[in-house]
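Participant: Handing over data.pdb, PDB, C-alpha atoms and all ligand atoms.
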```pdb
ATOM      1  CA  MET A   1       0.000   0.000   0.000  1.00  0.00           C
ATOM      2  CA  SER A   2       1.530   3.327  -1.029  1.00  0.00           C
ATOM      3  CA  GLU A   3       1.566   6.403   1.160  1.00  0.00           C
ATOM      4  CA  PRO A   4      -1.530   8.622   1.076  1.00  0.00           C
ATOM      5  CA  SER A   5      -1.203  11.604  -1.222  1.00  0.00           C
ATOM      6  CA  ILE A   6      -0.676  15.093   0.132  1.00  0.00           C
ATOM      7  CA  PHE A   7      -4.336  15.819  -0.667  1.00  0.00           C
ATOM      8  CA  THR A   8      -5.610  12.773   1.226  1.00  0.00           C
ATOM      9  CA  ARG A   9      -3.513  13.817   4.191  1.00  0.00           C
ATOM     10  CA  ILE A  10      -5.146  17.272   4.125  1.00  0.00           C
ATOM     11  CA  LEU A  11      -8.626  15.709   3.833  1.00  0.00           C
ATOM     12  CA  ASN A  12      -7.886  13.476   6.813  1.00  0.00           C
ATOM     13  CA  GLY A  13      -6.598  16.386   8.894  1.00  0.00           C
ATOM     14  CA  ASP A  14      -3.097  14.916   9.105  1.00  0.00           C
ATOM     15  CA  ILE A  15      -1.567  18.110   7.711  1.00  0.00           C
ATOM     16  CA  PRO A  16      -3.035  21.612   7.594  1.00  0.00           C
ATOM     17  CA  GLY A  17      -4.986  22.866   4.620  1.00  0.00           C
ATOM     18  CA  GLU A  18      -7.937  25.124   3.968  1.00  0.00           C
ATOM     19  CA  ILE A  19     -10.871  22.970   2.884  1.00  0.00           C
ATOM     20  CA  LEU A  20     -13.323  25.182   1.011  1.00  0.00           C
ATOM     21  CA  LEU A  21     -15.915  22.512   0.211  1.00  0.00           C
ATOM     22  CA  ASP A  22     -16.643  18.899   1.122  1.00  0.00           C
ATOM     23  CA  ALA A  23     -19.261  17.633  -1.307  1.00  0.00           C
ATOM     24  CA  GLY A  24     -19.912  13.916  -1.434  1.00  0.00           C
ATOM     25  CA  ARG A  25     -17.190  12.230  -3.453  1.00  0.00           C
ATOM     26  CA  VAL A  26     -15.096  15.374  -3.955  1.00  0.00           C
ATOM     27  CA  PHE A  27     -13.512  18.093  -1.851  1.00  0.00           C
ATOM     28  CA  VAL A  28     -11.917  21.449  -2.589  1.00  0.00           C
ATOM     29  CA  ILE A  29      -8.877  23.075  -0.990  1.00  0.00           C
ATOM     30  CA  ARG A  30      -7.165  26.390  -1.514  1.00  0.00           C
ATOM     31  CA  ASP A  31      -3.837  25.998  -3.362  1.00  0.00           C
ATOM     32  CA  ILE A  32      -0.864  26.716  -1.109  1.00  0.00           C
ATOM     33  CA  ASN A  33       0.915  28.557  -3.930  1.00  0.00           C
ATOM     34  CA  PRO A  34      -1.839  30.574  -5.630  1.00  0.00           C
ATOM     35  CA  GLN A  35      -1.377  31.593  -9.260  1.00  0.00           C
ATOM     36  CA  ALA A  36      -4.542  33.725  -9.343  1.00  0.00           C
ATOM     37  CA  PRO A  37      -6.697  35.633  -6.828  1.00  0.00           C
ATOM     38  CA  LEU A  38      -8.856  32.504  -6.629  1.00  0.00           C
ATOM     39  CA  HIS A  39      -6.833  29.297  -6.969  1.00  0.00           C
ATOM     40  CA  ALA A  40      -8.493  26.170  -5.616  1.00  0.00           C
ATOM     41  CA  LEU A  41      -8.005  22.461  -6.243  1.00  0.00           C
ATOM     42  CA  VAL A  42     -10.974  20.140  -6.798  1.00  0.00           C
ATOM     43  CA  ILE A  43     -10.038  16.618  -5.776  1.00  0.00           C
ATOM     44  CA  PRO A  44     -11.874  13.288  -5.723  1.00  0.00           C
ATOM     45  CA  LYS A  45     -11.663  11.595  -2.340  1.00  0.00           C
ATOM     46  CA  THR A  46     -10.489   8.419  -4.051  1.00  0.00           C
ATOM     47  CA  GLU A  47      -6.842   8.191  -5.078  1.00  0.00           C
ATOM     48  CA  GLU A  48      -7.719   5.591  -7.688  1.00  0.00           C
ATOM     49  CA  TYR A  49      -7.125   7.882 -10.677  1.00  0.00           C
ATOM     50  CA  ARG A  50      -3.804   9.613 -11.288  1.00  0.00           C
ATOM     51  CA  ASP A  51      -4.986  12.007 -13.991  1.00  0.00           C
ATOM     52  CA  VAL A  52      -8.075  13.165 -15.840  1.00  0.00           C
ATOM     53  CA  THR A  53      -7.519  10.715 -18.693  1.00  0.00           C
ATOM     54  CA  GLU A  54      -7.847   7.774 -16.316  1.00  0.00           C
ATOM     55  CA  LEU A  55     -10.732   9.410 -14.482  1.00  0.00           C
ATOM     56  CA  ALA A  56     -12.738  10.146 -17.630  1.00  0.00           C
ATOM     57  CA  ALA A  57     -12.359   6.527 -18.736  1.00  0.00           C
ATOM     58  CA  GLY A  58     -13.036   5.003 -15.321  1.00  0.00           C
ATOM     59  CA  ASP A  59     -15.718   7.210 -13.782  1.00  0.00           C
ATOM     60  CA  PRO A  60     -17.036  10.030 -15.972  1.00  0.00           C
ATOM     61  CA  GLY A  61     -19.724  10.786 -13.392  1.00  0.00           C
ATOM     62  CA  LEU A  62     -17.057  11.632 -10.863  1.00  0.00           C
ATOM     63  CA  LEU A  63     -15.471  13.989 -13.382  1.00  0.00           C
ATOM     64  CA  ALA A  64     -18.860  15.692 -13.729  1.00  0.00           C
ATOM     65  CA  GLU A  65     -19.029  16.036  -9.936  1.00  0.00           C
ATOM     66  CA  MET A  66     -15.646  17.770 -10.031  1.00  0.00           C
ATOM     67  CA  VAL A  67     -16.928  20.263 -12.591  1.00  0.00           C
ATOM     68  CA  ALA A  68     -20.031  20.929 -10.492  1.00  0.00           C
ATOM     69  CA  ALA A  69     -17.827  21.559  -7.436  1.00  0.00           C
ATOM     70  CA  ALA A  70     -15.650  23.934  -9.454  1.00  0.00           C
ATOM     71  CA  LYS A  71     -18.740  25.924 -10.406  1.00  0.00           C
ATOM     72  CA  ARG A  72     -19.855  26.110  -6.779  1.00  0.00           C
ATOM     73  CA  ILE A  73     -16.435  27.440  -5.782  1.00  0.00           C
ATOM     74  CA  ALA A  74     -16.556  30.008  -8.577  1.00  0.00           C
ATOM     75  CA  ASP A  75     -20.031  31.077  -7.448  1.00  0.00           C
ATOM     76  CA  ASP A  76     -18.919  31.413  -3.822  1.00  0.00           C
ATOM     77  CA  HIS A  77     -15.455  32.923  -4.306  1.00  0.00           C
ATOM     78  CA  ALA A  78     -15.576  34.634  -7.727  1.00  0.00           C
ATOM     79  CA  ASN A  79     -18.312  35.845 -10.044  1.00  0.00           C
ATOM     80  CA  GLY A  80     -19.263  32.386 -11.261  1.00  0.00           C
ATOM     81  CA  GLU A  81     -16.683  32.377 -14.035  1.00  0.00           C
ATOM     82  CA  TYR A  82     -13.642  30.160 -13.812  1.00  0.00           C
ATOM     83  CA  ARG A  83     -10.755  28.497 -15.617  1.00  0.00           C
ATOM     84  CA  LEU A  84     -10.320  24.748 -15.128  1.00  0.00           C
ATOM     85  CA  ILE A  85      -6.879  23.187 -15.634  1.00  0.00           C
ATOM     86  CA  PHE A  86      -5.755  19.591 -15.436  1.00  0.00           C
ATOM     87  CA  ASN A  87      -2.029  18.913 -15.676  1.00  0.00           C
ATOM     88  CA  ASN A  88      -1.438  15.434 -17.027  1.00  0.00           C
ATOM     89  CA  GLY A  89       2.051  14.011 -16.592  1.00  0.00           C
ATOM     90  CA  ALA A  90       5.308  15.381 -15.231  1.00  0.00           C
ATOM     91  CA  SER A  91       6.234  17.075 -18.493  1.00  0.00           C
ATOM     92  CA  ALA A  92       2.899  18.903 -18.341  1.00  0.00           C
ATOM     93  CA  ALA A  93       3.715  20.211 -14.850  1.00  0.00           C
ATOM     94  CA  GLN A  94       1.766  17.604 -12.871  1.00  0.00           C
ATOM     95  CA  SER A  95       3.454  17.117  -9.501  1.00  0.00           C
ATOM     96  CA  VAL A  96       0.757  15.341  -7.452  1.00  0.00           C
ATOM     97  CA  PHE A  97      -0.443  12.091  -9.033  1.00  0.00           C
ATOM     98  CA  HIS A  98      -3.864  12.083  -7.409  1.00  0.00           C
ATOM     99  CA  VAL A  99      -6.126  13.632 -10.012  1.00  0.00           C
ATOM    100  CA  HIS A 100      -7.125  17.226  -9.302  1.00  0.00           C
ATOM    101  CA  ALA A 101      -8.440  20.230 -11.195  1.00  0.00           C
ATOM    102  CA  HIS A 102      -7.077  23.713 -10.696  1.00  0.00           C
ATOM    103  CA  VAL A 103      -9.887  26.285 -10.468  1.00  0.00           C
ATOM    104  CA  LEU A 104      -8.711  29.807 -11.238  1.00  0.00           C
ATOM    105  CA  GLY A 105     -10.907  32.846 -10.907  1.00  0.00           C
ATOM    106  CA  ASN A 106     -10.995  36.600 -10.538  1.00  0.00           C
ATOM    107  CA  LEU A 107      -8.331  36.787 -13.240  1.00  0.00           C
ATOM    108  CA  GLU A 108      -7.302  40.171 -14.417  1.00  0.00           C
ATOM    109  CA  GLU A 109      -8.086  41.034 -18.015  1.00  0.00           C
ATOM    110  CA  ASN A 110      -4.419  41.209 -18.960  1.00  0.00           C
ATOM    111  CA  LYS A 111      -3.709  37.738 -17.574  1.00  0.00           C
ATOM    112  CA  LEU A 112      -6.091  35.651 -19.635  1.00  0.00           C
ATOM    113  CA  VAL A 113      -3.237  33.652 -21.176  1.00  0.00           C
ATOM    114  CA  GLY A 114      -0.532  31.780 -19.318  1.00  0.00           C
TER     115      GLY A 114
HETATM  116  P1  LIG A 201      -0.012  19.899 -10.117  1.00  0.00           P
HETATM  117  O1  LIG A 201       1.308  20.533 -10.401  1.00  0.00           O
HETATM  118  O2  LIG A 201       0.161  18.452  -9.691  1.00  0.00           O
HETATM  119  O3  LIG A 201      -1.024  20.064 -11.200  1.00  0.00           O
HETATM  120  O4  LIG A 201      -0.635  20.690  -8.893  1.00  0.00           O
HETATM  121  C1  LIG A 201      -0.335  20.430  -7.559  1.00  0.00           C
HETATM  122  C2  LIG A 201      -0.744  21.653  -6.780  1.00  0.00           C
HETATM  123  O5  LIG A 201      -0.790  21.290  -5.409  1.00  0.00           O
HETATM  124  C3  LIG A 201       0.220  22.818  -6.906  1.00  0.00           C
HETATM  125  O6  LIG A 201      -0.452  23.946  -7.437  1.00  0.00           O
HETATM  126  C4  LIG A 201       0.704  23.053  -5.476  1.00  0.00           C
HETATM  127  O7  LIG A 201       0.836  24.419  -5.165  1.00  0.00           O
HETATM  128  C5  LIG A 201      -0.377  22.398  -4.648  1.00  0.00           C
HETATM  129  N1  LIG A 201       0.104  21.889  -3.377  1.00  0.00           N
HETATM  130  C6  LIG A 201       1.210  21.109  -3.177  1.00  0.00           C
HETATM  131  N2  LIG A 201       1.342  20.825  -1.863  1.00  0.00           N
HETATM  132  C7  LIG A 201       0.300  21.423  -1.233  1.00  0.00           C
HETATM  133  C8  LIG A 201      -0.095  21.497   0.143  1.00  0.00           C
HETATM  134  O8  LIG A 201       0.524  20.953   1.055  1.00  0.00           O
HETATM  135  N3  LIG A 201      -1.223  22.212   0.422  1.00  0.00           N
HETATM  136  C9  LIG A 201      -1.950  22.819  -0.556  1.00  0.00           C
HETATM  137  N4  LIG A 201      -3.049  23.487  -0.172  1.00  0.00           N
HETATM  138  N5  LIG A 201      -1.609  22.779  -1.863  1.00  0.00           N
HETATM  139  C10 LIG A 201      -0.486  22.097  -2.191  1.00  0.00           C
END
```
When written as structure tokens, how does the structure in this file appear?

Facilitator:
Amino acid sequence: MSEPSIFTRILNGDIPGEILLDAGRVFVIRDINPQAPLHALVIPKTEEYRDVTELAAGDPGLLAEMVAAAKRIADDHANGEYRLIFNNGASAAQSVFHVHAHVLGNLEENKLVG
């Protein structure tokens, strides 16, 4: 059995983290190194899927729950608009191999790219 991911450890209260939403099979935390005024991570509670490719193939309903949670976060912490990013693989900047979506919001007009 491998070690729990950093996200599972936050969910379990083993290390600190700001949980913004706990919604059934998914939860949302604030990113520790924000790249936008709103930067949250939507995470399935299961560690079964390492990236969105595996998740979409294995449980598309859970992927839909992640999108719904992202929208709730954007409604509560931005104006309802949001950017959703999945990094898939180390060469695409993925560093935690427990699938998660970055939710960015309140972006400034001059920072719509990058
Ligand atoms: P990735 O690069 O895998 O797509 O994204 C991982 C994200 O997790 C990064 O944006 C990073 O800042 C965030 N992160 C890593 N460790 C922690 C932590 O201990 N707490 C929180 N809240 N976020 C973390």

Participant: Quick check, in Å to one decimal: how far apart do atom CA of Pro16 of chain A and atom CA of Glu54 of chain A lie?

Facilitator: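 For atom CA of Pro16 of chain A relative to atom CA of Glu54 of chain A, the distance reads 28.0 Å.
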
Participant: With only C-alpha atoms and all ligand atoms counted, collect every polymer residue having an atom within 12 Å of ligand LIG 201 (chain A); state the result as an mmCIF file with C-alpha atoms, keeping the file's coordinate frame.

Facilitator:
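Result file is part_14.cif:
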```cif
data_model
loop_
_atom_site.group_PDB
_atom_site.id
_atom_site.type_symbol
_atom_site.label_atom_id
_atom_site.label_comp_id
_atom_site.auth_asym_id
_atom_site.auth_seq_id
_atom_site.Cartn_x
_atom_site.Cartn_y
_atom_site.Cartn_z
ATOM 1 C CA SER A 5 -1.203 11.604 -1.222
ATOM 2 C CA ILE A 6 -0.676 15.093 0.132
ATOM 3 C CA PHE A 7 -4.336 15.819 -0.667
ATOM 4 C CA THR A 8 -5.610 12.773 1.226
ATOM 5 C CA ARG A 9 -3.513 13.817 4.191
ATOM 6 C CA ILE A 10 -5.146 17.272 4.125
ATOM 7 C CA LEU A 11 -8.626 15.709 3.833
ATOM 8 C CA GLY A 13 -6.598 16.386 8.894
ATOM 9 C CA ASP A 14 -3.097 14.916 9.105
ATOM 10 C CA ILE A 15 -1.567 18.110 7.711
ATOM 11 C CA PRO A 16 -3.035 21.612 7.594
ATOM 12 C CA GLY A 17 -4.986 22.866 4.620
ATOM 13 C CA GLU A 18 -7.937 25.124 3.968
ATOM 14 C CA ILE A 19 -10.871 22.970 2.884
ATOM 15 C CA LEU A 20 -13.323 25.182 1.011
ATOM 16 C CA PHE A 27 -13.512 18.093 -1.851
ATOM 17 C CA VAL A 28 -11.917 21.449 -2.589
ATOM 18 C CA ILE A 29 -8.877 23.075 -0.990
ATOM 19 C CA ARG A 30 -7.165 26.390 -1.514
ATOM 20 C CA ASP A 31 -3.837 25.998 -3.362
ATOM 21 C CA ILE A 32 -0.864 26.716 -1.109
ATOM 22 C CA ASN A 33 0.915 28.557 -3.930
ATOM 23 C CA PRO A 34 -1.839 30.574 -5.630
ATOM 24 C CA GLN A 35 -1.377 31.593 -9.260
ATOM 25 C CA ALA A 36 -4.542 33.725 -9.343
ATOM 26 C CA HIS A 39 -6.833 29.297 -6.969
ATOM 27 C CA ALA A 40 -8.493 26.170 -5.616
ATOM 28 C CA LEU A 41 -8.005 22.461 -6.243
ATOM 29 C CA VAL A 42 -10.974 20.140 -6.798
ATOM 30 C CA ILE A 43 -10.038 16.618 -5.776
ATOM 31 C CA ARG A 50 -3.804 9.613 -11.288
ATOM 32 C CA ASP A 51 -4.986 12.007 -13.991
ATOM 33 C CA VAL A 52 -8.075 13.165 -15.840
ATOM 34 C CA LEU A 84 -10.320 24.748 -15.128
ATOM 35 C CA ILE A 85 -6.879 23.187 -15.634
ATOM 36 C CA PHE A 86 -5.755 19.591 -15.436
ATOM 37 C CA ASN A 87 -2.029 18.913 -15.676
ATOM 38 C CA ASN A 88 -1.438 15.434 -17.027
ATOM 39 C CA GLY A 89 2.051 14.011 -16.592
ATOM 40 C CA ALA A 90 5.308 15.381 -15.231
ATOM 41 C CA SER A 91 6.234 17.075 -18.493
ATOM 42 C CA ALA A 92 2.899 18.903 -18.341
ATOM 43 C CA ALA A 93 3.715 20.211 -14.850
ATOM 44 C CA GLN A 94 1.766 17.604 -12.871
ATOM 45 C CA SER A 95 3.454 17.117 -9.501
ATOM 46 C CA VAL A 96 0.757 15.341 -7.452
ATOM 47 C CA PHE A 97 -0.443 12.091 -9.033
ATOM 48 C CA HIS A 98 -3.864 12.083 -7.409
ATOM 49 C CA VAL A 99 -6.126 13.632 -10.012
ATOM 50 C CA HIS A 100 -7.125 17.226 -9.302
ATOM 51 C CA ALA A 101 -8.440 20.230 -11.195
ATOM 52 C CA HIS A 102 -7.077 23.713 -10.696
ATOM 53 C CA VAL A 103 -9.887 26.285 -10.468
ATOM 54 C CA LEU A 104 -8.711 29.807 -11.238
#
```

Participant: Taking the file as shown, what set of residues would the PyMOL selection byres (((chain A and resi 74-81) around 6) and not hetatm) give back, as a VMD selection string?

Facilitator: chain A and resid 71 to 73 82 105 to 106

Participant: Work out how far atom CA of Pro44 of chain A is from atom CA of Arg25 of chain A, in Å to one decimal.

Facilitator: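 Computing the Euclidean distance for atom CA of Arg25 of chain A and atom CA of Pro44 of chain A yields 5.9 Å.
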
Participant: What is the atom CA of Leu107 of chain A-atom CA of Pro37 of chain A distance in Å, reported with one decimal?

Facilitator: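 Distance reported for this atom pair: 6.7 Å.
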
Participant: Between A:Leu38, A:Ala68, A:Pro60, A:Thr53, which has the minimum distance to Glu108 of chain A (counting all atoms listed in the file)?

Facilitator: A:Leu38
